[in-house]
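Okay, so here's the structure we're looking at.
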Amino acid sequence: MLAIGEAGAARATDAPAPAPTILVLGDSLSAGYGIRVEQGWVALLQARLRAKGYGHRVVNASSSGETTGGALTRLPRALATHRPAIVIVELGGNDGLRGLPVADIRRNFAAIVRTSQQAGSAILLVGMRIPPNYGPAYTREFHALYGDLARQYKLPSVPFLLEKVAPDETLFQDDGIHPTAAAQPRLLDEVWPHLQPMLGRR
């Protein structure tokens with residue numbers, strides 16, 4: 001016969017573990033700018049996880065207009081609140097469009113990665129490109145920083161979130177920057193092959 005304390009411990013042990021959390025730390029491309037929230041690729045990710053038998057819970061901590069500096073400021077609280085197993089980092093586009101020094105962007109990314117890893121989270125880094133009118137040197141250096149960070153910190157990475165969308169202007173809203181609702185499954189398809197190996201067993 002179990003003592004009362006032992007019985008309580010047994011019940012606690014038998015309790016199901018909480019669902020692992022995936023935190024999406026992104027900008028307007030992940031926040032679903034200009035479309036309904038349920039149409040965005042992050043919402044579609046939750047639906048795909050469920051359909052494929054994964055128990056993960058997706059928390060969308062993305063914000064339109066977000067920069068790497070702003071996300072870094074918000075990150076500690078998000079990590080403490082949600083304790084994510086995985087952090088998907090989809091940032092940098094707004095930094096690049098503002099022409100911020102690549103060295104500054106790199107430092108912010110590195111701090112985001114280290115802070116997440118110290119909290120016990122795995123990171124999936126999502127790459128971005130900026131328009132060529134910023135000059136070939138800057139655009140090349142900007143995109144290269146994602147690969148550099150992935151190699152330095154041994155991170156799985158998505159080379160370019162808009163790879164399957166960028167060639168088709170009909171998949172963008174009138175601003176020419178934000179993908180339409182019809183484009184969102186393609187964004188998810190770009191992320192999924194890199195995320196799935198991080199999910200573990202179903």
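Convention: chains lettered A, B, ... in structure tokens order; per-chain residue numbering from 1; ligands numbered from 1 as shown.
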Quick one: which stretch 65-155 of chain A residues come within 9 Å of stretch 18-42 of chain A, and what is the nearest atom pair for each with the distance in Å to one decimal, counting only C-alpha atoms, rows ordered by chain and ascending number, as a Markdown table?
| residue | atom | partner | partner_atom | distance |
| --- | --- | --- | --- | --- |
| A:Gly65 | CA | A:Asp27 | CA | 5.9 |
| A:Glu66 | CA | A:Asp27 | CA | 4.9 |
| A:Thr67 | CA | A:Asp27 | CA | 7.3 |
| A:Thr68 | CA | A:Gly26 | CA | 8.9 |
| A:Ala71 | CA | A:Leu25 | CA | 7.2 |
| A:Leu75 | CA | A:Leu25 | CA | 8.2 |
| A:Ala78 | CA | A:Leu23 | CA | 8.3 |
| A:Leu79 | CA | A:Leu23 | CA | 8.4 |
| A:His82 | CA | A:Thr21 | CA | 7.0 |
| A:Arg83 | CA | A:Thr21 | CA | 7.1 |
| A:Pro84 | CA | A:Thr21 | CA | 4.6 |
| A:Ala85 | CA | A:Thr21 | CA | 5.5 |
| A:Ile86 | CA | A:Ile22 | CA | 4.8 |
| A:Val87 | CA | A:Leu23 | CA | 4.7 |
| A:Ile88 | CA | A:Val24 | CA | 4.7 |
| A:Val89 | CA | A:Leu25 | CA | 5.0 |
| A:Glu90 | CA | A:Gly26 | CA | 4.4 |
| A:Leu91 | CA | A:Gly26 | CA | 5.2 |
| A:Gly92 | CA | A:Asp27 | CA | 8.3 |
| A:Gly93 | CA | A:Asp27 | CA | 7.9 |
| A:Asn94 | CA | A:Asp27 | CA | 7.9 |
Task: Shell of 10 Å around stretch 137-146 of chain A, only C-alpha atoms, local chain residues under 3 positions omitted, as a PyMOL selection string - done: chain A and resi 92-93+95-96+99-103+105-106+109+125-134+149-152+155+157-160
TODO: Extract the full set of helix (DSSP H, G or I) residues from stretch 99-151 of chain A according to DSSP on the backbone, and format it as a ChimeraX atom specification.
DONE: /A:102-118,132-134,136-151
Once you have the residues from the selection above, write them out as a short mmCIF file (atom, residue, chain, number, x, y, z; two decimals), in the first residue's frame, restricted to N, CA, C and O atoms.
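Below you can see out-v7.cif, which holds the result:
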data_model
loop_
_atom_site.label_atom_id
_atom_site.label_comp_id
_atom_site.auth_asym_id
_atom_site.auth_seq_id
_atom_site.Cartn_x
_atom_site.Cartn_y
_atom_site.Cartn_z
N VAL A 102 24.90 45.39 -41.39
CA VAL A 102 24.79 43.94 -41.26
C VAL A 102 25.46 43.46 -39.98
O VAL A 102 25.00 42.50 -39.35
N ALA A 103 26.52 44.12 -39.56
CA ALA A 103 27.20 43.73 -38.32
C ALA A 103 26.26 43.85 -37.12
O ALA A 103 26.28 43.01 -36.21
N ASP A 104 25.43 44.88 -37.11
CA ASP A 104 24.46 45.05 -36.01
C ASP A 104 23.39 43.98 -36.06
O ASP A 104 22.99 43.44 -35.01
N ILE A 105 22.91 43.68 -37.26
CA ILE A 105 21.90 42.63 -37.40
C ILE A 105 22.46 41.28 -36.94
O ILE A 105 21.80 40.52 -36.23
N ARG A 106 23.70 41.02 -37.33
CA ARG A 106 24.36 39.77 -36.94
C ARG A 106 24.45 39.66 -35.42
O ARG A 106 24.19 38.59 -34.84
N ARG A 107 24.83 40.75 -34.75
CA ARG A 107 24.94 40.72 -33.28
C ARG A 107 23.60 40.42 -32.64
O ARG A 107 23.52 39.66 -31.67
N ASN A 108 22.54 41.03 -33.16
CA ASN A 108 21.21 40.77 -32.60
C ASN A 108 20.80 39.32 -32.80
O ASN A 108 20.27 38.67 -31.89
N PHE A 109 21.02 38.80 -34.00
CA PHE A 109 20.71 37.39 -34.26
C PHE A 109 21.49 36.48 -33.33
O PHE A 109 20.95 35.52 -32.77
N ALA A 110 22.77 36.75 -33.18
CA ALA A 110 23.61 35.92 -32.31
C ALA A 110 23.09 35.93 -30.88
O ALA A 110 23.06 34.89 -30.21
N ALA A 111 22.65 37.09 -30.41
CA ALA A 111 22.10 37.18 -29.05
C ALA A 111 20.79 36.42 -28.94
O ALA A 111 20.52 35.79 -27.91
N ILE A 112 19.96 36.48 -29.98
CA ILE A 112 18.70 35.72 -29.99
C ILE A 112 18.99 34.23 -29.91
O ILE A 112 18.35 33.49 -29.15
N VAL A 113 19.95 33.78 -30.70
CA VAL A 113 20.30 32.36 -30.70
C VAL A 113 20.84 31.94 -29.34
O VAL A 113 20.39 30.93 -28.77
N ARG A 114 21.77 32.68 -28.80
CA ARG A 114 22.36 32.29 -27.51
C ARG A 114 21.33 32.31 -26.40
O ARG A 114 21.30 31.40 -25.55
N THR A 115 20.49 33.33 -26.38
CA THR A 115 19.46 33.42 -25.34
C THR A 115 18.50 32.25 -25.42
O THR A 115 18.12 31.66 -24.39
N SER A 116 18.11 31.87 -26.62
CA SER A 116 17.19 30.74 -26.81
C SER A 116 17.87 29.43 -26.39
O SER A 116 17.27 28.59 -25.70
N GLN A 117 19.11 29.24 -26.80
CA GLN A 117 19.81 28.01 -26.45
C GLN A 117 20.03 27.90 -24.95
O GLN A 117 19.91 26.80 -24.38
N GLN A 118 20.33 29.00 -24.30
CA GLN A 118 20.51 28.98 -22.85
C GLN A 118 19.22 28.62 -22.12
O GLN A 118 19.27 28.08 -21.02
N PRO A 132 17.20 44.01 -54.74
CA PRO A 132 18.55 44.35 -55.23
C PRO A 132 18.86 45.83 -55.27
O PRO A 132 20.03 46.21 -55.41
N ASN A 133 17.83 46.69 -55.11
CA ASN A 133 18.08 48.12 -55.19
C ASN A 133 18.87 48.66 -53.98
O ASN A 133 19.24 49.83 -53.96
N TYR A 134 19.16 47.79 -53.01
CA TYR A 134 20.00 48.21 -51.89
C TYR A 134 21.48 48.06 -52.22
O TYR A 134 22.33 48.36 -51.39
N PRO A 136 24.41 45.58 -54.68
CA PRO A 136 24.81 44.17 -54.67
C PRO A 136 25.63 43.77 -53.44
O PRO A 136 25.47 42.67 -52.92
N ALA A 137 26.48 44.64 -52.96
CA ALA A 137 27.33 44.29 -51.81
C ALA A 137 26.48 44.10 -50.56
O ALA A 137 26.64 43.11 -49.83
N TYR A 138 25.58 45.05 -50.30
CA TYR A 138 24.75 44.95 -49.09
C TYR A 138 23.80 43.76 -49.17
O TYR A 138 23.66 43.02 -48.19
N THR A 139 23.13 43.58 -50.32
CA THR A 139 22.18 42.47 -50.43
C THR A 139 22.87 41.12 -50.29
O THR A 139 22.34 40.20 -49.68
N ARG A 140 24.07 41.02 -50.85
CA ARG A 140 24.83 39.76 -50.76
C ARG A 140 25.26 39.50 -49.32
O ARG A 140 25.12 38.39 -48.80
N GLU A 141 25.77 40.52 -48.66
CA GLU A 141 26.23 40.37 -47.28
C GLU A 141 25.05 40.08 -46.35
O GLU A 141 25.17 39.27 -45.42
N PHE A 142 23.91 40.73 -46.62
CA PHE A 142 22.73 40.50 -45.79
C PHE A 142 22.29 39.05 -45.86
O PHE A 142 22.07 38.40 -44.82
N HIS A 143 22.13 38.52 -47.05
CA HIS A 143 21.66 37.14 -47.16
C HIS A 143 22.68 36.15 -46.62
O HIS A 143 22.31 35.13 -46.02
N ALA A 144 23.96 36.45 -46.80
CA ALA A 144 25.01 35.53 -46.35
C ALA A 144 25.04 35.38 -44.84
O ALA A 144 25.49 34.34 -44.34
N LEU A 145 24.56 36.38 -44.10
CA LEU A 145 24.66 36.29 -42.65
C LEU A 145 23.85 35.12 -42.09
O LEU A 145 24.22 34.55 -41.06
N TYR A 146 22.75 34.73 -42.77
CA TYR A 146 21.95 33.61 -42.29
C TYR A 146 22.74 32.31 -42.36
O TYR A 146 22.76 31.51 -41.41
N GLY A 147 23.41 32.08 -43.50
CA GLY A 147 24.23 30.89 -43.62
C GLY A 147 25.39 30.90 -42.65
O GLY A 147 25.75 29.86 -42.07
N ASP A 148 25.98 32.07 -42.45
CA ASP A 148 27.09 32.19 -41.51
C ASP A 148 26.65 31.83 -40.09
O ASP A 148 27.34 31.09 -39.37
N LEU A 149 25.50 32.34 -39.69
CA LEU A 149 24.99 32.06 -38.35
C LEU A 149 24.63 30.58 -38.19
O LEU A 149 24.90 29.97 -37.15
N ALA A 150 24.02 30.01 -39.23
CA ALA A 150 23.65 28.60 -39.17
C ALA A 150 24.89 27.72 -39.00
O ALA A 150 24.88 26.75 -38.22
N ARG A 151 25.96 28.05 -39.71
CA ARG A 151 27.20 27.27 -39.58
C ARG A 151 27.85 27.50 -38.21
O ARG A 151 28.32 26.54 -37.57
#
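Using only C-alpha atoms, the contacts of A:Asp189 at a cut-off of 10 Å, with sequence neighbours closer than 2 positions omitted, comprise Trp41, Leu45, Leu161, Lys164, Gln184, Pro185, Arg186, Leu187, Val191, Trp192, Pro193 and His194 of chain A.
Candidate residues A:Ala43, A:Leu195, A:Leu97, A:Leu188 were compared for distance to A:Val59, and the nearest is A:Ala43, using only C-alpha atoms.
Closest approach to A:Gly200 among A:Arg74, A:Lys154, A:Arg98, A:His56 is made by A:His56 (distances from only C-alpha atoms).
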Open item on the list: I'd like the interatomic distance between atom CA of A:Leu124 and atom CA of A:Thr81, to a tenth of an Å.
Closed with: 19.4 Å
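Taking only stretch 27-133 of chain A, the residues that DSSP calls strand (DSSP E) from the backbone come to Arg57, Val58, Val59, Asn60, Ile86, Val87, Ile88, Val89, Glu90, Ala122, Ile123, Leu124, Leu125 and Val126 of chain A.
Note that the spacing between atom CA of A:Ser62 and atom CA of A:Gln173 amounts to 19.0 Å.
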